[in-house]
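See below for data_28.txt, which holds compact mmCIF, C-alpha atoms.
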# COMPACT_ATOMS: atom_id res chain seq x y z
CA MET A 1 -5.77 -8.83 -0.23
CA VAL A 2 -8.33 -9.34 2.48
CA SER A 3 -10.30 -6.54 4.11
CA PHE A 4 -12.63 -6.87 7.09
CA TYR A 5 -15.76 -4.76 7.16
CA LEU A 6 -17.99 -3.94 10.12
CA SER A 7 -21.22 -5.95 9.80
CA LEU A 8 -24.35 -4.14 10.83
CA SER A 9 -26.68 -6.51 12.69
CA GLN A 10 -30.12 -7.12 11.32
CA SER A 11 -31.66 -6.72 14.75
CA SER A 12 -30.18 -3.25 15.15
CA SER A 13 -31.37 -2.28 11.70
CA ALA A 14 -34.86 -3.56 12.50
CA SER A 15 -35.10 -1.57 15.71
CA THR A 16 -33.87 1.51 13.92
CA THR A 17 -36.59 1.14 11.28
CA LYS A 18 -39.34 0.83 13.89
CA SER A 19 -38.29 4.00 15.69
CA HIS A 20 -37.92 5.88 12.43
CA THR A 21 -40.63 8.52 12.12
CA PHE A 22 -39.37 11.41 10.04
CA TRP A 23 -36.16 10.39 8.29
CA SER A 24 -36.28 10.49 4.50
CA PRO A 25 -37.10 7.25 2.56
CA SER A 26 -33.66 7.31 0.91
CA LEU A 27 -32.11 6.77 4.32
CA ARG A 28 -34.08 3.55 4.76
CA GLN A 29 -32.79 2.44 1.38
CA CYS A 30 -29.29 3.30 2.52
CA ARG A 31 -29.63 1.00 5.51
CA ASN A 32 -30.96 -1.80 3.34
CA LEU A 33 -27.83 -1.61 1.19
CA GLN A 34 -25.45 -2.07 4.09
CA THR A 35 -22.79 -4.68 3.63
CA ALA A 36 -22.43 -7.75 5.83
CA LEU A 37 -19.33 -9.32 4.35
CA SER A 38 -16.86 -10.40 6.98
CA PRO A 39 -16.42 -11.06 10.68
CA ILE A 40 -15.93 -8.11 13.00
CA VAL A 41 -12.31 -7.48 13.90
CA SER A 42 -11.75 -6.27 17.45
CA SER A 43 -10.54 -2.67 17.58
CA SER A 44 -10.65 -2.39 13.80
CA TYR A 45 -12.40 0.94 13.91
CA LEU A 46 -11.66 4.04 15.87
CA PRO A 47 -13.73 4.32 19.05
CA THR A 48 -15.86 7.47 19.06
CA SER A 49 -17.68 7.16 22.35
CA TYR A 50 -14.84 8.57 24.43
CA ILE A 51 -13.75 11.40 22.14
CA THR A 52 -15.17 14.81 22.94
CA GLN A 53 -16.23 17.52 20.53
CA LYS A 54 -13.44 19.68 21.90
CA GLN A 55 -10.90 17.33 20.31
CA ILE A 56 -12.41 18.05 16.92
CA GLU A 57 -12.66 21.80 17.23
CA ILE A 58 -9.43 22.67 19.02
CA PRO A 59 -6.26 21.34 17.35
CA THR A 60 -3.17 20.69 19.41
CA SER A 61 -1.12 23.86 19.80
CA PRO A 62 2.21 23.96 17.91
CA GLU A 63 4.11 24.01 21.21
CA LYS A 64 2.54 20.69 22.25
CA GLN A 65 2.89 18.92 18.92
CA SER A 66 5.66 16.35 18.67
CA PRO A 67 8.13 16.78 15.79
CA PRO A 68 7.42 14.54 12.78
CA VAL A 69 9.08 11.16 13.08
CA GLN A 70 10.47 9.32 10.06
CA GLU A 71 8.61 6.05 9.63
CA GLY A 72 10.50 2.79 9.38
CA LEU A 73 9.59 0.02 6.99
CA GLY A 74 6.32 -1.71 7.82
CA ALA A 75 4.19 1.46 8.05
CA PHE A 76 1.62 -0.06 5.70
CA GLN A 77 0.84 -2.85 8.14
CA LYS A 78 -0.11 -0.23 10.77
CA LEU A 79 -2.82 1.37 8.64
CA PRO A 80 -6.27 1.39 10.27
CA MET A 81 -9.22 -0.56 8.96
CA VAL A 82 -11.40 1.88 7.02
CA MET A 83 -15.17 1.49 7.21
CA PRO A 84 -17.05 1.65 3.88
CA SER A 85 -18.81 5.00 3.53
CA ILE A 86 -22.30 3.48 3.46
CA ASP A 87 -21.62 1.59 6.71
CA LEU A 88 -20.02 4.63 8.34
CA TYR A 89 -23.07 6.74 7.52
CA ALA A 90 -25.63 4.15 8.63
CA SER A 91 -23.76 3.43 11.88
CA ALA A 92 -23.56 7.14 12.73
CA LEU A 93 -27.26 7.59 11.99
CA ARG A 94 -28.22 4.64 14.17
CA LYS A 95 -26.14 5.83 17.12
CA SER A 96 -27.40 9.40 16.89
CA LYS A 97 -31.03 8.28 17.06
CA ARG A 98 -30.38 6.75 20.48
CA VAL A 99 -29.56 10.17 21.95
CA GLN A 100 -32.27 11.34 24.35
CA PRO A 101 -33.17 14.90 25.36
CA THR A 102 -31.87 16.31 28.60
CA LYS A 103 -33.96 15.11 31.53
CA GLY A 104 -36.22 17.54 33.35
CA ILE A 105 -37.41 19.62 30.38
CA ALA A 106 -41.18 19.82 30.79
CA ASN A 107 -42.00 22.05 27.83
CA ILE A 108 -42.63 19.87 24.75
CA ALA A 109 -41.18 22.36 22.26
CA LYS A 110 -38.05 22.93 24.35
CA ARG A 111 -37.59 19.18 24.88
CA GLU A 112 -37.95 18.45 21.16
CA ARG A 113 -35.51 21.11 20.04
CA ASN A 114 -33.06 19.93 22.70
CA ARG A 115 -33.38 16.37 21.44
CA GLY A 116 -33.00 17.44 17.80
CA ALA A 117 -29.94 19.58 18.47
CA LYS A 118 -28.28 16.82 20.49
CA GLN A 119 -29.00 14.17 17.85
CA LEU A 120 -27.61 16.33 15.03
CA ASP A 121 -24.52 17.09 17.12
CA ALA A 122 -24.05 13.38 17.85
CA PHE A 123 -24.59 12.50 14.18
CA MET A 124 -21.96 15.01 13.15
CA LYS A 125 -19.47 13.64 15.70
CA GLU A 126 -20.03 10.01 14.68
CA LEU A 127 -19.25 10.96 11.08
CA ALA A 128 -16.40 13.41 11.64
CA LEU A 129 -14.41 11.62 14.33
CA PRO A 130 -13.57 8.49 12.29
CA LEU A 131 -12.58 10.73 9.37
CA LYS A 132 -10.31 12.69 11.70
CA GLY A 133 -8.87 9.41 12.96
CA TYR A 134 -8.08 8.28 9.41
CA MET A 135 -6.26 11.54 8.72
CA GLU A 136 -4.13 11.04 11.82
CA SER A 137 -3.50 7.32 11.29
CA PHE A 138 -2.44 7.37 7.65
CA PRO A 139 1.23 8.45 7.57
CA ARG A 140 2.39 11.49 5.67
CA LYS A 141 4.13 10.27 2.56
CA LYS A 142 7.22 12.40 3.04
CA LEU A 143 7.85 10.70 6.40
CA LEU A 144 7.79 7.19 4.94
CA HIS A 145 10.85 5.16 4.13
CA PRO A 146 12.01 5.94 0.54
CA TYR A 147 11.20 2.39 -0.55
CA GLU A 148 7.61 2.62 0.66
CA ARG A 149 7.26 6.09 -0.87
CA SER A 150 8.26 4.50 -4.17
CA LEU A 151 5.67 1.75 -3.71
CA ILE A 152 2.92 4.33 -3.15
CA ASP A 153 3.74 6.17 -6.36
CA LEU A 154 4.16 3.00 -8.40
CA THR A 155 0.96 1.34 -7.22
CA LEU A 156 -1.39 4.28 -6.79
CA GLY A 157 -0.01 6.84 -9.19
CA ASP A 158 1.91 10.00 -8.42
CA GLY A 159 -0.06 12.24 -6.06
CA LYS A 160 -3.07 9.91 -5.67
CA TYR A 161 -2.36 9.12 -2.01
CA GLU A 162 -2.29 12.79 -0.98
CA GLU A 163 -5.28 13.58 -3.18
CA VAL A 164 -7.52 10.99 -1.50
CA LEU A 165 -6.47 12.00 2.01
CA GLY A 166 -7.17 15.62 1.08
CA LYS A 167 -10.68 14.73 -0.08
CA VAL A 168 -11.34 12.86 3.17
CA ASP A 169 -10.31 15.94 5.12
CA VAL A 170 -12.56 18.16 2.99
CA LEU A 171 -15.44 15.77 3.73
CA ARG A 172 -14.70 15.94 7.45
CA LYS A 173 -14.75 19.73 7.47
CA LYS A 174 -17.96 19.83 5.44
CA VAL A 175 -19.66 17.41 7.83
CA GLN A 176 -18.65 19.54 10.80
CA SER A 177 -19.85 22.73 9.15
CA VAL A 178 -23.22 21.33 8.09
CA GLY A 179 -23.77 19.52 11.39
CA LYS A 180 -23.08 22.59 13.51
CA GLU A 181 -25.21 24.82 11.31
CA HIS A 182 -28.30 22.61 11.47
CA ALA A 183 -27.87 21.75 15.15
CA SER A 184 -27.91 25.50 15.83
CA LEU A 185 -31.05 25.98 13.71
CA CYS A 186 -32.75 23.12 15.52
CA ALA A 187 -31.89 24.63 18.90
CA LYS A 188 -33.66 27.84 17.87
CA ALA A 189 -36.91 26.16 16.78
CA LEU A 190 -40.07 27.72 18.21
CA SER A 191 -42.28 24.63 18.17
CA LYS A 192 -42.15 20.83 18.34
CA LYS A 193 -43.06 20.57 14.65
CA GLU A 194 -40.40 23.06 13.61
CA ALA A 195 -37.75 21.22 15.68
CA GLU A 196 -38.64 17.94 13.98
CA GLU A 197 -38.45 19.62 10.57
CA ARG A 198 -35.04 21.15 11.35
CA LEU A 199 -33.78 17.77 12.52
CA SER A 200 -35.03 16.08 9.37
CA GLU A 201 -33.49 18.80 7.19
CA GLY A 202 -30.14 18.46 8.97
CA VAL A 203 -30.04 14.70 8.51
CA GLU A 204 -30.98 15.03 4.83
CA LYS A 205 -28.26 17.63 4.31
CA LEU A 206 -25.62 15.39 5.90
CA GLU A 207 -26.86 12.51 3.77
CA LEU A 208 -26.43 14.66 0.66
CA VAL A 209 -22.90 15.58 1.69
CA PHE A 210 -22.00 11.89 2.02
CA GLN A 211 -23.67 11.03 -1.26
CA GLN A 212 -21.60 13.67 -3.05
CA GLN A 213 -18.24 13.28 -1.30
CA GLY A 214 -18.35 9.94 0.55
CA GLY A 215 -16.56 8.20 -2.32
CA ALA A 216 -13.31 9.54 -0.86
CA VAL A 217 -13.75 7.19 2.10
CA ASP A 218 -14.17 4.21 -0.21
CA ASP A 219 -11.09 5.30 -2.17
CA LEU A 220 -9.18 5.41 1.11
CA LEU A 221 -10.42 1.92 1.97
CA THR A 222 -9.08 0.63 -1.37
CA ILE A 223 -5.73 2.34 -0.79
CA ALA A 224 -5.44 0.77 2.67
CA LYS A 225 -6.16 -2.71 1.26
CA VAL A 226 -3.61 -2.24 -1.52
CA LEU A 227 -0.84 -0.94 0.75
CA ARG A 228 -1.36 -3.55 3.48
CA ALA A 229 -0.85 -6.24 0.84
CA MET A 230 2.67 -4.99 0.12
CA PRO A 231 5.45 -7.30 1.29
CA VAL A 232 7.14 -6.31 4.52
CA VAL A 233 10.89 -5.92 4.20
CA ASP A 234 13.22 -6.03 7.20
CA LEU A 235 16.05 -3.50 6.94
CA GLU A 236 18.10 -5.50 9.41
CA MET A 237 17.88 -8.59 7.20
CA PRO A 238 20.00 -8.74 4.02
CA THR A 239 18.11 -9.14 0.77
CA LEU A 240 19.22 -11.15 -2.23
CA CYS A 241 17.64 -9.45 -5.22
CA LEU A 242 17.41 -11.41 -8.47
CA VAL A 243 17.73 -9.06 -11.43
CA GLY A 244 17.79 -9.53 -15.19
CA ALA A 245 15.73 -9.25 -18.35
CA PRO A 246 12.21 -10.74 -18.41
CA ASN A 247 11.88 -14.54 -18.55
CA VAL A 248 15.53 -15.33 -17.94
CA GLY A 249 14.72 -17.81 -15.14
CA LYS A 250 14.79 -15.64 -12.01
CA SER A 251 11.60 -17.07 -10.50
CA SER A 252 12.86 -20.63 -10.87
CA LEU A 253 16.02 -19.75 -8.99
CA VAL A 254 14.02 -18.04 -6.24
CA ARG A 255 12.15 -21.29 -5.69
CA ILE A 256 15.38 -23.29 -5.70
CA LEU A 257 17.14 -20.97 -3.27
CA SER A 258 14.23 -20.33 -0.89
CA THR A 259 13.19 -22.67 1.87
CA GLY A 260 9.61 -23.72 1.58
CA LYS A 261 7.18 -22.19 -0.87
CA PRO A 262 7.90 -18.54 -1.61
CA GLU A 263 5.17 -16.05 -0.86
CA ILE A 264 3.44 -14.63 -3.94
CA CYS A 265 2.75 -10.89 -3.61
CA ASN A 266 0.47 -9.65 -6.38
CA TYR A 267 0.82 -5.98 -7.19
CA PRO A 268 -2.33 -4.15 -8.27
CA PHE A 269 -0.81 -2.53 -11.34
CA THR A 270 -0.02 -5.88 -12.99
CA THR A 271 -1.24 -9.43 -13.27
CA ARG A 272 2.29 -10.56 -12.62
CA GLY A 273 3.47 -11.25 -9.12
CA ILE A 274 6.54 -10.59 -7.03
CA LEU A 275 8.09 -13.74 -5.62
CA MET A 276 9.40 -13.31 -2.10
CA GLY A 277 10.86 -15.92 0.16
CA HIS A 278 13.58 -16.50 2.74
CA ILE A 279 16.86 -18.35 2.83
CA VAL A 280 17.95 -19.93 6.10
CA LEU A 281 21.70 -20.29 6.49
CA ASN A 282 23.25 -21.42 9.77
CA TYR A 283 19.99 -20.63 11.61
CA GLN A 284 19.96 -17.11 10.17
CA ARG A 285 17.22 -15.86 7.85
CA PHE A 286 17.78 -13.82 4.71
CA GLN A 287 15.27 -12.31 2.30
CA VAL A 288 15.22 -13.27 -1.36
CA THR A 289 13.10 -11.60 -4.00
CA ASP A 290 12.46 -11.94 -7.70
CA THR A 291 12.09 -8.54 -9.36
CA PRO A 292 10.34 -7.65 -12.63
CA GLY A 293 12.52 -7.87 -15.72
CA LEU A 294 14.43 -4.89 -17.11
CA LEU A 295 14.42 -3.89 -20.75
CA ARG A 296 17.01 -1.92 -22.67
CA ARG A 297 15.73 1.65 -22.45
CA CYS A 298 16.07 4.91 -20.56
CA ASP A 299 14.61 5.34 -17.10
CA GLU A 300 12.01 7.82 -18.38
CA ASP A 301 10.61 5.09 -20.63
CA ARG A 302 10.50 2.35 -18.01
CA ASN A 303 7.15 1.06 -16.78
CA ASN A 304 6.18 0.76 -13.13
CA LEU A 305 7.38 -2.83 -12.93
CA GLU A 306 10.89 -1.87 -13.98
CA LYS A 307 10.83 1.11 -11.63
CA LEU A 308 9.93 -1.27 -8.81
CA THR A 309 13.09 -3.25 -9.52
CA LEU A 310 15.16 -0.06 -9.37
CA ALA A 311 13.42 0.96 -6.12
CA VAL A 312 14.34 -2.34 -4.49
CA LEU A 313 17.96 -1.98 -5.58
CA THR A 314 18.19 1.68 -4.59
CA HIS A 315 16.56 1.70 -1.17
CA LEU A 316 17.10 -1.74 0.41
CA PRO A 317 20.19 -3.48 1.83
CA THR A 318 20.62 -5.62 -1.24
CA ALA A 319 23.03 -8.09 -2.73
CA VAL A 320 22.48 -8.73 -6.43
CA LEU A 321 22.10 -12.07 -8.17
CA TYR A 322 22.06 -11.07 -11.83
CA VAL A 323 20.62 -13.74 -14.13
CA HIS A 324 21.65 -14.01 -17.80
CA ASP A 325 19.98 -16.12 -20.49
CA LEU A 326 22.29 -16.66 -23.47
CA THR A 327 19.96 -19.06 -25.28
CA GLY A 328 17.81 -16.33 -26.82
CA GLU A 329 14.65 -18.01 -25.48
CA CYS A 330 13.70 -15.20 -23.10
CA GLY A 331 12.88 -12.75 -25.90
CA THR A 332 15.74 -10.35 -25.13
CA SER A 333 18.85 -10.88 -27.21
CA PRO A 334 22.19 -11.49 -25.48
CA SER A 335 23.47 -8.22 -26.94
CA ASP A 336 20.64 -6.25 -25.33
CA GLN A 337 21.06 -8.17 -22.09
CA PHE A 338 24.72 -7.22 -22.13
CA GLN A 339 23.88 -3.51 -22.43
CA ILE A 340 21.32 -3.71 -19.61
CA TYR A 341 23.83 -5.59 -17.48
CA LYS A 342 26.58 -3.04 -18.04
CA GLU A 343 24.26 -0.19 -17.07
CA MET A 344 23.10 -1.91 -13.87
CA LYS A 345 26.60 -3.01 -12.90
CA GLU A 346 27.87 0.55 -13.26
CA ARG A 347 24.91 2.06 -11.43
CA PHE A 348 25.15 -0.33 -8.49
CA LYS A 349 28.88 -0.96 -8.60
CA ASP A 350 29.26 -0.85 -4.81
CA TYR A 351 26.84 -3.73 -4.30
CA LEU A 352 27.84 -7.31 -3.60
CA TRP A 353 27.24 -9.13 -6.86
CA ILE A 354 26.79 -12.64 -8.25
CA ASP A 355 26.39 -13.45 -11.95
CA ALA A 356 24.53 -16.58 -13.00
CA VAL A 357 24.00 -17.88 -16.54
CA SER A 358 20.73 -19.83 -16.56
CA LYS A 359 19.52 -22.66 -18.84
CA CYS A 360 23.10 -23.76 -19.45
CA ASP A 361 21.84 -27.22 -20.47
CA LEU A 362 20.64 -25.58 -23.71
CA LEU A 363 24.00 -24.01 -24.52
CA GLY A 364 25.85 -27.22 -25.39
CA GLY A 365 26.02 -28.88 -28.80
CA SER A 366 25.13 -26.89 -31.88
CA PRO A 367 25.61 -23.13 -31.74
CA VAL A 368 22.49 -21.22 -30.77
CA MET A 369 21.04 -18.95 -33.48
CA TYR A 370 19.97 -15.49 -32.40
CA ALA A 371 17.41 -14.26 -34.88
CA LYS A 372 17.15 -10.84 -33.26
CA GLU A 373 20.85 -10.24 -32.91
CA ASP A 374 22.49 -7.32 -34.69
CA ARG A 375 26.04 -8.54 -35.22
CA SER A 376 27.16 -5.63 -37.38
CA SER A 377 28.69 -3.78 -34.44
CA ASP A 378 30.03 -6.78 -32.55
CA ASP A 379 33.18 -6.20 -30.54
CA ALA A 380 35.31 -8.64 -28.62
CA GLU A 381 33.52 -7.90 -25.33
CA ILE A 382 30.06 -8.75 -26.71
CA ILE A 383 31.35 -11.83 -28.52
CA LYS A 384 32.89 -13.07 -25.30
CA TYR A 385 29.71 -12.34 -23.34
CA ARG A 386 27.56 -14.18 -25.88
CA GLU A 387 29.67 -17.31 -25.51
CA ARG A 388 30.22 -17.51 -21.76
CA GLY A 389 28.55 -14.59 -20.03
CA PRO A 390 30.39 -12.29 -17.59
CA ASP A 391 33.71 -13.31 -16.07
CA GLU A 392 33.37 -15.56 -13.00
CA SER A 393 29.69 -16.21 -13.73
CA ILE A 394 28.17 -19.45 -12.47
CA HIS A 395 26.47 -21.59 -15.12
CA VAL A 396 23.33 -23.21 -13.75
CA SER A 397 20.46 -25.36 -14.94
CA VAL A 398 17.34 -25.92 -12.88
CA LYS A 399 16.47 -28.86 -15.14
CA THR A 400 19.76 -30.79 -14.70
CA GLU A 401 20.71 -29.16 -11.36
CA GLN A 402 24.08 -28.23 -12.82
CA GLY A 403 25.83 -25.52 -10.82
CA LEU A 404 23.12 -25.19 -8.18
CA ASN A 405 25.32 -26.24 -5.25
CA GLU A 406 28.02 -23.83 -6.36
CA LEU A 407 25.43 -21.05 -6.62
CA LYS A 408 24.05 -21.78 -3.15
CA ASN A 409 27.53 -21.65 -1.63
CA LYS A 410 28.21 -18.34 -3.34
CA VAL A 411 24.88 -16.93 -2.15
CA LYS A 412 25.72 -17.96 1.39
CA GLU A 413 29.08 -16.21 1.16
CA VAL A 414 27.63 -13.01 -0.26
CA LEU A 415 24.71 -12.78 2.18
CA SER A 416 27.05 -13.29 5.12
CA SER A 417 29.14 -10.40 3.82
CA GLU A 418 26.01 -8.28 3.37
CA MET A 419 25.02 -8.99 6.97
CA GLU A 420 28.42 -7.74 8.12
CA LYS A 421 27.87 -4.53 6.14
CA ILE A 422 24.50 -3.97 7.78
CA GLN A 423 25.80 -4.67 11.26
CA SER A 424 28.68 -2.27 10.74
CA GLY A 425 26.26 0.46 9.67
CA GLU A 426 27.64 0.75 6.16
CA LYS A 427 25.11 2.08 3.64
CA THR A 428 25.15 1.82 -0.10
CA ASP A 429 24.95 5.13 -1.92
CA GLN A 430 21.73 5.68 -3.80
CA SER A 431 22.28 5.73 -7.50
CA VAL A 432 21.28 8.48 -9.88
CA ALA A 433 18.99 7.51 -12.75
CA THR A 434 20.74 7.69 -16.08
CA CYS A 435 20.02 6.75 -19.66

Using structure tokens, write down the structure from this file.
Amino acid sequence: MVSFYLSLSQSSSASTTKSHTFWSPSLRQCRNLQTALSPIVSSSYLPTSYITQKQIEIPTSPEKQSPPVQEGLGAFQKLPMVMPSIDLYASALRKSKRVQPTKGIANIAKRERNRGAKQLDAFMKELALPLKGYMESFPRKKLLHPYERSLIDLTLGDGKYEEVLGKVDVLRKKVQSVGKEHASLCAKALSKKEAEERLSEGVEKLELVFQQQGGAVDDLLTIAKVLRAMPVVDLEMPTLCLVGAPNVGKSSLVRILSTGKPEICNYPFTTRGILMGHIVLNYQRFQVTDTPGLLRRCDEDRNNLEKLTLAVLTHLPTAVLYVHDLTGECGTSPSDQFQIYKEMKERFKDYLWIDAVSKCDLLGGSPVMYAKEDRSSDDAEIIKYRERGPDESIHVSVKTEQGLNELKNKVKEVLSSEMEKIQSGEKTDQSVATC
């Protein structure tokens, strides 16, 4: 996950230091701590030079506001680049110091209070306008596609997204309030010395506000980096979703089925990754994804990885390739896999479905012993599943390449059918979570 930060030039910092006469020492330290990490990205940050104060103070009237529009998939890639709080503060301070008093004021006291008031007003704008831009550019969660809403909750935690945006807005309002208050005090100064003192006090107060609440900006920067790293899914492109218990061989099949090297998308809540790739059939591209393994338990007890699998199945145009491991090597017994499989097959019964039994090269010869199996309640259905897997399942082995051509042909058939469903506008009903 790569983020680009605005680099503050050393020459600008040097000139700022030379012209610095009454700012507090802590502000100089702040400038010295500025980051210079990555190249500047054109248009990464919101321009403030052409935005007037009126746009901050007077919100758009309800009659002129456009109705909320539901976002499509890919909203995360449209998020703005967020400037680190320390850089945002230092940049605003540097720009405000360039503001000159209104020409033609002969009286020294009047000229100094005019300069101080204008600099505090400019400082406030340079801080508040980017914060306002972030609030407008980050989408409201309720307007996102259900799949991306699920990703926000699973990666950030329930309510974290709204909480951070709320703190950024509180910071913006505080900056405006403090900036206006001290600009007004500076404008009422009776002498040059008093105007300089009011200016210094105003800057110190804004610095304190950012020290106390500026962490919200850095939290927003982290959120933007995390969300932009999420894989982009095309709703007009069918997805083949590999599902099954952990370690049953899904990732190996993704690599076999995908053209080229699949993209590895690391999610922040786990060291594991999501394998995503594409299948090209008759010059047409299809998405293929490996999802985290499911365990035998109720939805309330599932971790975020398992919930991600259910989110993919629930909200995307998906065909299912369900992978079974009857060798017992994956750590989940065939009996438990059978129960998970039955639940998923019932929940997503309207989906196009392929069953594949992996590692079939290990199933020949001597019977496989299942140390974790509870055979006391075996019935004919489980016994049959343990021996051959589901009816019409394809037995495959990545090691010997057994069954791979048959699986590829079946995948081609299913994805072509899924494309017809999408083009006809047919939607799969969202399932209800059950135990």

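Remark: for A:Leu120, the closest of the candidate residues A:Leu143, A:Val175, A:Val323, A:Ala75 is A:Val175 (distances computed over only C-alpha atoms).
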
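The two atoms in question, atom CA of A:Asn247 and atom CA of A:Leu326, are spaced 11.7 Å apart.
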
For stretch 204-221 of chain A, work out the shell of residues within 8 Å, counting only C-alpha atoms and skipping chain neighbours fewer than 5 positions away, then give it as an mmCIF file with C-alpha atoms, keeping the file's coordinate frame.
data_model
loop_
_atom_site.group_PDB
_atom_site.id
_atom_site.type_symbol
_atom_site.label_atom_id
_atom_site.label_comp_id
_atom_site.auth_asym_id
_atom_site.auth_seq_id
_atom_site.Cartn_x
_atom_site.Cartn_y
_atom_site.Cartn_z
ATOM 1 C CA TRP A 23 -36.160 10.390 8.290
ATOM 2 C CA SER A 24 -36.280 10.490 4.500
ATOM 3 C CA LEU A 27 -32.110 6.770 4.320
ATOM 4 C CA MET A 81 -9.220 -0.560 8.960
ATOM 5 C CA VAL A 82 -11.400 1.880 7.020
ATOM 6 C CA MET A 83 -15.170 1.490 7.210
ATOM 7 C CA PRO A 84 -17.050 1.650 3.880
ATOM 8 C CA SER A 85 -18.810 5.000 3.530
ATOM 9 C CA TYR A 89 -23.070 6.740 7.520
ATOM 10 C CA VAL A 164 -7.520 10.990 -1.500
ATOM 11 C CA LEU A 165 -6.470 12.000 2.010
ATOM 12 C CA LYS A 167 -10.680 14.730 -0.080
ATOM 13 C CA VAL A 168 -11.340 12.860 3.170
ATOM 14 C CA LEU A 171 -15.440 15.770 3.730
ATOM 15 C CA LYS A 174 -17.960 19.830 5.440
ATOM 16 C CA VAL A 175 -19.660 17.410 7.830
ATOM 17 C CA VAL A 178 -23.220 21.330 8.090
ATOM 18 C CA GLY A 179 -23.770 19.520 11.390
#

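Candidate residues A:His182, A:Glu148, A:Tyr134, A:Val254 were compared for distance to A:Gly166, and the nearest is A:Tyr134, using all atoms listed in the file.
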
- Task: Pick out the closest residue to A:Lys412 from this set: A:Pro238, A:Pro146, A:Gly328, A:Gly133. Count all atoms listed in the file.
- Result: A:Pro238

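We find atom CA of A:Gln176 and atom CA of A:Gly202 to be spaced 11.7 Å apart.
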
- Item | Residues near A:Phe76, cut-off 12 Å, all atoms listed in the file, skip fewer than 5 positions along chain, as a list in words | Glu71, Met81, Ser137, Phe138, Pro139, Arg140, Lys141, Leu144, His145, Tyr147, Glu148, Arg149, Leu151, Ile152, Ile223, Ala224, Lys225, Val226, Leu227, Arg228, Ala229, Met230, Pro231, Val232 and Val233 of chain A
